[in-house]
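Asks: What follows is coords.txt, made up of compact mmCIF, C-alpha atoms:
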# COMPACT_ATOMS: atom_id res chain seq x y z
CA MET A 26 7.77 2.26 8.20
CA LEU A 27 9.68 -0.19 5.99
CA ALA A 28 6.47 -1.98 5.07
CA SER A 29 4.84 1.29 4.03
CA THR A 30 7.88 2.27 1.93
CA ALA A 31 7.72 -1.15 0.27
CA SER A 32 4.03 -0.73 -0.46
CA ILE A 33 4.65 2.67 -2.10
CA ILE A 34 7.46 1.16 -4.21
CA ALA A 35 5.22 -1.74 -5.25
CA ARG A 36 2.44 0.67 -6.23
CA ASP A 37 4.68 3.00 -8.24
CA LEU A 38 6.36 0.08 -10.01
CA ARG A 39 2.94 -1.34 -10.86
CA LEU A 40 1.86 2.05 -12.23
CA ALA A 41 5.09 2.28 -14.25
CA PHE A 42 4.48 -1.22 -15.57
CA ARG A 43 0.95 -0.23 -16.67
CA ARG A 44 2.41 2.82 -18.44
CA LYS A 45 5.48 1.28 -20.02
CA GLY A 46 5.48 4.02 -22.63
CA ASP A 47 6.54 6.63 -20.06
CA VAL A 48 9.56 4.58 -19.01
CA ALA A 49 10.46 3.75 -22.62
CA GLN A 50 10.26 7.44 -23.62
CA VAL A 51 13.02 8.35 -21.19
CA LEU A 52 15.29 5.53 -22.35
CA VAL A 53 14.73 6.28 -26.04
CA PHE A 54 15.44 9.95 -25.36
CA PHE A 55 18.71 8.94 -23.68
CA VAL A 56 19.77 6.76 -26.61
CA ILE A 57 18.83 9.36 -29.24
CA VAL A 58 20.57 12.29 -27.55
CA ALA A 59 23.75 10.26 -27.00
CA SER A 60 23.65 9.04 -30.59
CA LEU A 61 23.19 12.48 -32.17
CA PHE A 62 26.64 13.72 -31.19
CA PRO A 63 28.71 11.36 -33.38
CA LEU A 64 26.43 12.26 -36.28
CA GLY A 65 27.08 15.95 -35.73
CA THR A 66 30.80 15.86 -34.99
CA GLY A 67 32.01 13.14 -37.33
CA ALA A 68 33.37 9.68 -36.52
CA GLU A 69 36.99 10.38 -35.70
CA PRO A 70 37.76 7.70 -33.04
CA ASN A 71 40.08 9.79 -30.84
CA GLN A 72 37.64 12.69 -30.76
CA LEU A 73 34.74 10.34 -29.97
CA ARG A 74 36.67 8.71 -27.13
CA ALA A 75 37.53 12.11 -25.69
CA MET A 76 33.96 13.37 -25.65
CA GLY A 77 32.21 10.04 -24.94
CA PRO A 78 32.17 10.22 -21.11
CA GLY A 79 30.78 13.75 -21.05
CA VAL A 80 28.16 13.14 -23.71
CA VAL A 81 26.81 9.94 -22.16
CA TRP A 82 26.67 11.57 -18.75
CA VAL A 83 24.94 14.71 -20.01
CA ALA A 84 22.42 12.57 -21.92
CA ALA A 85 21.70 10.53 -18.77
CA LEU A 86 21.27 13.72 -16.78
CA LEU A 87 18.81 15.21 -19.28
CA ALA A 88 16.88 11.94 -19.46
CA ALA A 89 16.60 11.89 -15.65
CA LEU A 90 15.42 15.50 -15.73
CA LEU A 91 12.80 14.65 -18.35
CA SER A 92 11.32 11.98 -16.09
CA LEU A 93 11.10 14.14 -12.96
CA GLY A 94 7.83 15.76 -13.98
CA ARG A 95 6.09 12.42 -13.45
CA LEU A 96 7.36 11.94 -9.93
CA PHE A 97 4.64 13.83 -8.03
CA ALA A 98 2.57 15.65 -10.68
CA ALA A 99 0.09 12.83 -11.41
CA ASP A 100 -0.47 12.05 -7.74
CA TYR A 101 -0.93 15.76 -7.09
CA ALA A 102 -3.51 16.11 -9.85
CA ASP A 103 -5.72 13.21 -8.78
CA GLY A 104 -5.56 13.74 -5.04
CA SER A 105 -3.38 10.73 -4.16
CA LEU A 106 -0.68 13.02 -2.79
CA GLU A 107 -3.12 14.52 -0.27
CA GLN A 108 -3.83 11.05 0.99
CA MET A 109 -0.11 10.32 1.29
CA LEU A 110 0.40 13.46 3.37
CA ILE A 111 -2.15 12.36 5.94
CA ALA A 112 -1.25 8.66 5.88
CA ALA A 113 -0.78 6.54 8.98
CA HIS A 114 2.99 6.46 8.47
CA PRO A 115 5.50 9.32 8.16
CA LEU A 116 5.66 11.23 4.89
CA ALA A 117 9.39 10.49 4.72
CA ALA A 118 8.59 6.81 4.17
CA THR A 119 6.39 7.73 1.21
CA VAL A 120 8.97 10.09 -0.26
CA ALA A 121 11.73 7.50 0.14
CA GLY A 122 9.57 4.91 -1.60
CA LYS A 123 8.60 7.17 -4.47
CA THR A 124 12.19 8.33 -5.02
CA LEU A 125 13.50 4.77 -4.99
CA ALA A 126 10.77 3.67 -7.42
CA HIS A 127 11.71 6.61 -9.66
CA TRP A 128 15.34 5.49 -9.65
CA LEU A 129 14.36 1.87 -10.38
CA THR A 130 12.39 2.99 -13.44
CA THR A 131 14.85 5.60 -14.77
CA GLY A 132 18.32 5.64 -13.18
CA LEU A 133 18.76 1.88 -13.12
CA PRO A 134 17.76 1.25 -16.77
CA LEU A 135 19.92 4.24 -17.82
CA THR A 136 22.88 2.71 -15.99
CA LEU A 137 22.33 -0.68 -17.62
CA LEU A 138 21.95 0.86 -21.08
CA ALA A 139 24.99 3.14 -20.82
CA PRO A 140 27.70 0.57 -21.76
CA LEU A 141 26.03 0.09 -25.15
CA LEU A 142 26.27 3.81 -25.79
CA GLY A 143 29.83 3.80 -24.47
CA VAL A 144 30.73 1.27 -27.16
CA GLN A 145 29.41 3.75 -29.73
CA TYR A 146 32.12 6.10 -28.51
CA ASP A 147 34.77 3.36 -28.68
CA LEU A 148 35.32 3.42 -24.90
CA PRO A 149 37.60 0.57 -23.73
CA ALA A 150 36.48 -1.93 -21.10
CA PRO A 151 37.96 -0.13 -18.02
CA ALA A 152 36.21 3.11 -19.05
CA LEU A 153 32.92 1.24 -19.55
CA GLY A 154 33.29 -0.20 -16.05
CA ALA A 155 33.87 3.29 -14.66
CA LEU A 156 30.85 4.56 -16.62
CA VAL A 157 28.55 1.96 -15.08
CA ALA A 158 30.00 2.46 -11.59
CA SER A 159 29.72 6.27 -11.78
CA LEU A 160 26.13 6.12 -13.09
CA ALA A 161 25.19 3.56 -10.44
CA LEU A 162 26.37 5.99 -7.75
CA GLY A 163 25.31 9.18 -9.52
CA THR A 164 21.80 8.47 -10.83
CA PRO A 165 20.34 7.92 -7.32
CA VAL A 166 21.63 11.42 -6.49
CA LEU A 167 19.85 12.74 -9.59
CA SER A 168 16.59 11.16 -8.39
CA LEU A 169 17.01 12.42 -4.81
CA ILE A 170 17.86 16.02 -5.76
CA GLY A 171 15.31 15.94 -8.56
CA ALA A 172 12.60 14.95 -6.08
CA VAL A 173 13.24 18.17 -4.13
CA GLY A 174 12.91 20.20 -7.33
CA ALA A 175 9.80 18.31 -8.46
CA ALA A 176 8.16 18.93 -5.08
CA LEU A 177 9.08 22.63 -5.08
CA THR A 178 7.68 23.24 -8.58
CA LEU A 179 4.47 21.28 -7.95
CA GLY A 180 1.42 23.18 -9.15
CA THR A 181 3.37 26.16 -10.49
CA ARG A 182 2.98 27.51 -14.00
CA GLY A 183 5.73 26.51 -16.41
CA ALA A 184 6.80 23.83 -13.94
CA ALA A 185 8.95 21.92 -16.48
CA VAL A 186 11.23 24.87 -17.32
CA LEU A 187 11.36 26.02 -13.72
CA LEU A 188 12.32 22.51 -12.66
CA ALA A 189 15.18 22.44 -15.18
CA LEU A 190 16.47 25.84 -14.04
CA LEU A 191 16.29 24.77 -10.42
CA VAL A 192 17.74 21.29 -10.67
CA LEU A 193 20.38 21.45 -13.42
CA PRO A 194 22.80 23.67 -11.45
CA LEU A 195 22.53 21.23 -8.54
CA TYR A 196 23.41 18.37 -10.91
CA VAL A 197 26.73 19.98 -11.86
CA PRO A 198 28.92 18.34 -9.18
CA VAL A 199 27.50 14.91 -10.04
CA LEU A 200 28.21 15.52 -13.73
CA VAL A 201 31.76 16.75 -13.09
CA PHE A 202 32.79 13.78 -10.97
CA GLY A 203 30.74 11.23 -12.91
CA ALA A 204 32.20 12.14 -16.29
CA GLY A 205 35.55 12.75 -14.56
CA ALA A 206 35.67 9.16 -13.33
CA VAL A 207 35.16 7.81 -16.84
CA SER A 208 37.74 10.20 -18.35
CA ALA A 209 40.27 9.19 -15.71
CA ALA A 210 39.69 5.50 -16.42
CA LEU A 211 40.05 6.26 -20.14
CA ALA A 212 43.44 7.89 -19.52
CA GLY A 213 44.52 4.89 -17.44
CA LEU A 214 44.50 6.91 -14.21
CA PRO A 215 42.95 5.72 -10.94
CA HIS A 216 39.35 6.90 -10.62
CA GLY A 217 38.58 5.70 -7.09
CA ALA A 218 38.59 9.27 -5.73
CA HIS A 219 35.88 10.36 -8.19
CA LEU A 220 33.71 7.41 -7.20
CA SER A 221 34.30 8.10 -3.50
CA LEU A 222 33.13 11.67 -3.99
CA LEU A 223 30.04 10.48 -5.85
CA GLY A 224 29.39 8.11 -2.95
CA ALA A 225 29.73 11.06 -0.57
CA PHE A 226 27.18 13.05 -2.62
CA LEU A 227 24.87 10.05 -2.46
CA ALA A 228 25.21 9.73 1.32
CA PHE A 229 24.66 13.45 1.75
CA SER A 230 21.57 13.60 -0.46
CA LEU A 231 20.16 10.42 1.11
CA VAL A 232 20.10 12.25 4.43
CA PHE A 233 18.95 15.70 3.36
CA ALA A 234 16.97 15.36 0.12
CA PRO A 235 13.98 13.36 1.47
CA TRP A 236 13.67 15.78 4.36
CA ALA A 237 13.64 18.78 2.00
CA THR A 238 11.20 17.00 -0.31
CA CYS A 239 8.77 16.39 2.57
CA ALA A 240 8.89 20.06 3.55
CA ALA A 241 8.37 21.18 -0.06
CA LEU A 242 5.40 18.82 -0.49
CA ARG A 243 3.72 20.14 2.65
CA ILE A 244 4.11 23.69 1.34
CA ALA A 245 2.84 22.75 -2.13
CA LEU A 246 -0.35 21.23 -0.72
CA ASP A 247 -1.09 23.89 1.88
CA MET B 4 -12.94 14.24 20.70
CA LEU B 5 -12.27 16.80 17.98
CA GLN B 6 -12.15 20.47 18.89
CA ALA B 7 -11.73 23.61 16.83
CA GLU B 8 -10.25 26.51 18.76
CA SER B 9 -10.96 29.96 17.27
CA LEU B 10 -10.05 28.81 13.75
CA ALA B 11 -9.57 31.39 11.04
CA CYS B 12 -8.87 30.79 7.39
CA GLU B 13 -7.49 33.12 4.78
CA ARG B 14 -7.31 32.35 1.07
CA GLY B 15 -5.72 34.72 -1.43
CA GLY B 16 -5.77 37.60 1.02
CA ARG B 17 -9.47 37.17 1.78
CA LEU B 18 -10.67 36.12 5.22
CA LEU B 19 -13.09 33.21 4.70
CA PHE B 20 -14.02 32.67 8.34
CA LYS B 21 -12.70 33.49 11.79
CA SER B 22 -13.27 32.60 15.44
CA LEU B 23 -14.76 29.26 14.46
CA GLU B 24 -15.29 27.10 17.55
CA PHE B 25 -16.83 23.67 17.98
CA ALA B 26 -16.30 20.49 19.94
CA LEU B 27 -17.35 17.11 18.58
CA SER B 28 -17.75 14.22 20.99
CA PRO B 29 -17.89 10.58 19.80
CA GLY B 30 -21.03 9.84 17.82
CA THR B 31 -21.44 13.40 16.57
CA LEU B 32 -21.98 14.44 12.98
CA LEU B 33 -20.80 17.87 11.89
CA ARG B 34 -22.44 19.17 8.75
CA VAL B 35 -20.63 22.08 7.18
CA SER B 36 -22.73 24.08 4.78
CA GLY B 37 -22.51 27.37 2.96
CA PRO B 38 -22.38 28.74 -0.56
CA ASN B 39 -19.58 27.96 -3.03
CA GLY B 40 -16.34 29.61 -2.00
CA ALA B 41 -17.37 30.00 1.63
CA GLY B 42 -14.42 27.90 2.79
CA LYS B 43 -16.00 24.49 3.39
CA THR B 44 -13.20 22.56 1.71
CA SER B 45 -10.62 24.83 3.35
CA LEU B 46 -12.09 24.05 6.77
CA LEU B 47 -11.98 20.32 6.07
CA ARG B 48 -8.37 20.54 4.89
CA ILE B 49 -7.47 22.46 8.04
CA LEU B 50 -9.15 19.80 10.19
CA CYS B 51 -7.09 17.14 8.38
CA GLY B 52 -3.87 19.03 8.93
CA LEU B 53 -3.31 19.49 5.18
CA ALA B 54 -3.69 23.26 5.38
CA HIS B 55 -2.57 25.74 8.02
CA PRO B 56 -5.23 27.87 9.67
CA ALA B 57 -4.54 31.61 9.69
CA ALA B 58 -5.23 31.47 13.43
CA GLY B 59 -6.42 28.95 15.98
CA ARG B 60 -5.80 25.25 16.53
CA VAL B 61 -7.36 21.87 15.91
CA LEU B 62 -7.34 19.69 19.01
CA TRP B 63 -7.68 15.91 19.17
CA SER B 64 -8.36 14.65 22.70
CA GLY B 65 -7.15 17.99 24.00
CA GLU B 66 -3.82 17.92 22.16
CA ASP B 67 -2.79 19.97 19.15
CA ALA B 68 -3.44 17.76 16.11
CA ARG B 69 -0.49 19.25 14.26
CA GLY B 70 1.87 18.29 17.07
CA LEU B 71 0.47 14.76 17.19
CA GLY B 72 1.49 14.09 13.58
CA GLU B 73 0.87 10.46 12.59
CA GLU B 74 -0.73 9.80 15.98
CA TYR B 75 -3.57 11.96 14.66
CA THR B 76 -3.57 11.15 10.95
CA ARG B 77 -3.79 7.41 11.46
CA ARG B 78 -7.10 7.87 13.24
CA LEU B 79 -8.34 9.85 10.27
CA LEU B 80 -10.12 8.95 7.08
CA TYR B 81 -10.26 11.84 4.62
CA LEU B 82 -12.12 11.78 1.38
CA GLY B 83 -11.27 14.91 -0.54
CA HIS B 84 -12.84 16.74 -3.38
CA LEU B 85 -10.42 14.72 -5.55
CA SER B 86 -11.07 11.00 -5.39
CA ALA B 87 -7.42 9.84 -5.42
CA ILE B 88 -8.33 7.10 -7.89
CA LYS B 89 -5.54 6.02 -10.24
CA ASP B 90 -6.85 5.41 -13.76
CA ASP B 91 -4.26 2.71 -14.40
CA LEU B 92 -5.15 0.67 -11.33
CA THR B 93 -8.30 -1.39 -10.83
CA PRO B 94 -10.84 -0.36 -8.19
CA ARG B 95 -9.61 -3.21 -5.97
CA GLU B 96 -5.98 -2.09 -6.24
CA ASN B 97 -7.01 1.52 -5.60
CA LEU B 98 -8.99 0.47 -2.55
CA ARG B 99 -6.21 -1.73 -1.20
CA PHE B 100 -3.64 1.04 -1.55
CA ALA B 101 -5.91 3.70 -0.01
CA LEU B 102 -6.48 1.48 3.01
CA ARG B 103 -2.78 0.65 3.28
CA LEU B 104 -2.06 4.37 3.53
CA ALA B 105 -4.50 4.48 6.42
CA GLY B 106 -2.66 1.56 8.03
CA LEU B 107 -5.30 -1.06 7.27
CA GLU B 108 -4.74 -4.37 5.48
CA PRO B 109 -8.09 -6.11 4.92
CA PRO B 110 -8.22 -9.47 3.09
CA ARG B 111 -9.23 -9.62 -0.56
CA ALA B 112 -12.70 -10.93 0.21
CA ALA B 113 -13.37 -7.87 2.37
CA LEU B 114 -12.23 -5.57 -0.45
CA ASP B 115 -14.59 -7.28 -2.88
CA ALA B 116 -17.45 -7.10 -0.36
CA ALA B 117 -16.83 -3.36 0.07
CA LEU B 118 -16.85 -2.77 -3.69
CA GLU B 119 -20.00 -4.83 -3.99
CA ARG B 120 -21.67 -2.78 -1.27
CA LEU B 121 -21.00 0.35 -3.35
CA GLY B 122 -22.45 -1.30 -6.43
CA LEU B 123 -19.17 -2.17 -8.13
CA ALA B 124 -19.63 -5.94 -8.07
CA GLY B 125 -17.74 -7.49 -10.98
CA ARG B 126 -15.92 -4.23 -11.73
CA GLY B 127 -13.04 -4.93 -9.33
CA ASP B 128 -10.65 -5.98 -12.11
CA VAL B 129 -11.41 -3.27 -14.68
CA PRO B 130 -8.89 -0.41 -14.84
CA ALA B 131 -10.53 2.65 -13.28
CA ARG B 132 -10.01 4.49 -16.59
CA TYR B 133 -13.06 2.63 -17.96
CA LEU B 134 -15.32 3.63 -15.08
CA SER B 135 -17.69 6.60 -15.13
CA GLN B 136 -17.20 9.58 -12.79
CA GLY B 137 -19.87 8.25 -10.47
CA GLN B 138 -18.32 4.79 -10.42
CA LYS B 139 -14.90 6.24 -9.62
CA ARG B 140 -16.44 8.14 -6.73
CA ARG B 141 -18.05 4.90 -5.55
CA ALA B 142 -14.66 3.17 -5.73
CA ALA B 143 -13.21 5.92 -3.52
CA LEU B 144 -16.15 5.68 -1.11
CA ALA B 145 -15.73 1.90 -0.77
CA ARG B 146 -13.10 2.78 1.84
CA LEU B 147 -15.89 3.79 4.20
CA ALA B 148 -17.13 0.21 4.31
CA LEU B 149 -13.74 -0.95 5.67
CA ALA B 150 -12.64 1.98 7.82
CA GLN B 151 -14.89 1.51 10.85
CA THR B 152 -11.79 1.46 13.05
CA GLN B 153 -10.93 5.06 12.14
CA PRO B 154 -12.63 7.22 14.77
CA LEU B 155 -12.69 10.36 12.61
CA TRP B 156 -14.11 10.60 9.10
CA ILE B 157 -13.78 13.84 7.15
CA LEU B 158 -15.75 13.70 3.91
CA ASP B 159 -15.81 16.47 1.32
CA GLU B 160 -19.00 16.26 -0.77
CA PRO B 161 -19.27 12.47 -0.45
CA LEU B 162 -22.66 12.48 -2.16
CA ALA B 163 -21.70 14.44 -5.27
CA ALA B 164 -22.04 12.56 -8.58
CA LEU B 165 -23.79 9.62 -6.91
CA ASP B 166 -27.14 8.09 -7.83
CA VAL B 167 -29.96 7.52 -5.33
CA ASN B 168 -28.89 3.97 -4.40
CA ALA B 169 -25.31 4.97 -3.72
CA ILE B 170 -26.45 7.98 -1.67
CA ASP B 171 -28.52 5.64 0.51
CA THR B 172 -25.52 3.34 0.96
CA VAL B 173 -23.23 6.19 1.99
CA ILE B 174 -25.81 7.57 4.42
CA ALA B 175 -26.20 4.09 5.91
CA LEU B 176 -22.42 3.77 6.32
CA VAL B 177 -22.14 7.21 7.93
CA SER B 178 -25.08 6.47 10.25
CA ALA B 179 -23.57 3.14 11.30
CA GLN B 180 -20.26 4.87 11.99
CA LEU B 181 -21.99 7.49 14.16
CA ASP B 182 -23.89 4.80 16.05
CA ALA B 183 -20.59 3.04 16.70
CA GLY B 184 -19.19 6.20 18.28
CA GLY B 185 -17.29 7.69 15.34
CA ILE B 186 -17.03 11.38 14.59
CA VAL B 187 -18.01 12.40 11.07
CA VAL B 188 -17.47 15.79 9.47
CA LEU B 189 -19.01 16.27 6.05
CA THR B 190 -20.08 18.86 3.53
CA THR B 191 -22.96 18.34 1.17
CA HIS B 192 -25.27 20.40 -0.97
CA GLN B 193 -27.85 17.61 -0.97
CA ASP B 194 -30.81 17.83 1.30
CA VAL B 195 -30.44 14.57 3.20
CA ALA B 196 -31.55 13.76 6.71
CA PHE B 197 -29.53 11.85 9.28
CA ALA B 198 -31.48 10.08 11.98
CA GLN B 199 -28.84 10.70 14.65
CA ALA B 200 -29.71 13.07 17.44
CA SER B 201 -26.34 14.77 17.69
CA VAL B 202 -25.97 16.63 14.43
CA LEU B 203 -24.08 19.89 14.57
CA HIS B 204 -24.36 22.49 11.84
CA VAL B 205 -21.72 24.98 10.88
CA VAL B 206 -22.84 27.49 8.27
CA LEU B 207 -20.10 29.46 6.59
CA ASN B 208 -21.27 32.65 4.96
CA GLY B 209 -18.25 33.57 2.91
Produce structure tokens that represent the structure in this file.
Replies:
Amino acid sequence: MLASTASIIARDLRLAFRRKGDVAQVLVFFVIVASLFPLGTGAEPNQLRAMGPGVVWVAALLAALLSLGRLFAADYADGSLEQMLIAAHPLAATVAGKTLAHWLTTGLPLTLLAPLLGVQYDLPAPALGALVASLALGTPVLSLIGAVGAALTLGTRGAAVLLALLVLPLYVPVLVFGAGAVSAALAGLPHGAHLSLLGAFLAFSLVFAPWATCAALRIALD
Amino acid sequence: MLQAESLACERGGRLLFKSLEFALSPGTLLRVSGPNGAGKTSLLRILCGLAHPAAGRVLWSGEDARGLGEEYTRRLLYLGHLSAIKDDLTPRENLRFALRLAGLEPPRAALDAALERLGLAGRGDVPARYLSQGQKRRAALARLALAQTQPLWILDEPLAALDVNAIDTVIALVSAQLDAGGIVVLTTHQDVAFAQASVLHVVLNG
């Protein structure tokens, strides 16, 4: 089971490496969206600091959403997904591998890039630390929940919009506590509780999201 | 031993077939034929467990294939209407991954030998994007040369888009598999003969 998950991860990372443009698109989108706000609202430092956590988090969330279409759609179109459904190992191993590979190619780079954008908003070091910690805990949840949405909208018309409508409301708790952690750190307040809650979301979605994704994939391919 | 028990299939509110019964013992070839839209692919997908039948069951060694889960699917090699070839991977990488999904891990030399058998010698390192439709199909079919251990092959139009040489190779592989006691289910519009005695025909009329 672990070996098959590893082989799926290796394959998806290799595919991502061969199509670097797709990965870069998401990161560039993240940087551009987060950089547009100061241009629109003016460069008043206090205002920037106040809105920085929310803007960076919303930009990360939209970038993650943008990348979800790729998660299963290509494998669905060329028949690879059929083969994964009737593989020698459980579908859950495949789904876990694909979700983890998705996080490694979107959530992880977003997390690593975020401090640079935080500096744009004049966030102090403790807030930058909270930003990285909250994204590190929150972006895997975005991938896990997003995988359920991507599987449910597979093969439907207008899948991209439907996916956004389906997934964005589910992202709200992650956004609230993710941006909340950074704001708390910015105000000099303890933010451990926010991070604990994000960790709880992660644990919860680790258990339930792959299961729901498997069920949705089986329905989509029936 | 693969058995169909009063299978029925419905697509878009239309009944494609019903009360379909057959039993395939080792070494038997099942040829499914019928006009376009008669439900050949649907039947194959039901046999694989990808699609639900409207009624009936698929049995493997007397047990419900759906209940067996991976116990059933790891005995299975399915080649669908879609080739499952990734344009960004080379034929060798595609082949290695397809076999890994089936639980097989042949050495590199065996992969190259399989590609060579399907006429893709020297093309193992070219991204599949640069291959023709027929060559991509050959890359997908190369699995057959390494999947002798799978007792059940389900092949949807394996001969489509192939030239005469490749058709002969595929027929030879299928024949060898039947002689070795495998069960093969296939659909084809081509008029090809299999030497094996135990060939079963199912004709779907739509």
Asks: Go through A:Ala204, A:Val197, A:Leu191, A:Ala175 and flag the residue nearest Leu153 (chain A), using only C-alpha atoms for the distances.
Replies: A:Ala204
Asks: One decimal, Å: what's the distance from CA of Ala11 (chain B) over to CA of Ala241 (chain A), could you say?
Replies: 23.4 Å
Asks: Taking into account only C-alpha atoms, which residue in the set A:Pro194, A:Pro235, A:Gly67, A:Gly104 is nearest to chain B?
Replies: A:Gly104
Asks: CA of Gly127 (chain B) and CA of Arg95 (chain B) are how many Å apart?
Replies: 5.1 Å
Asks: From the options A:Leu200, A:Leu93, A:Val207, A:Leu195, which residue's atoms come nearest to Ala155 (chain A), counting all atoms listed in the file?
Replies: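 The closest residue to Ala155 (chain A) is A:Val207.
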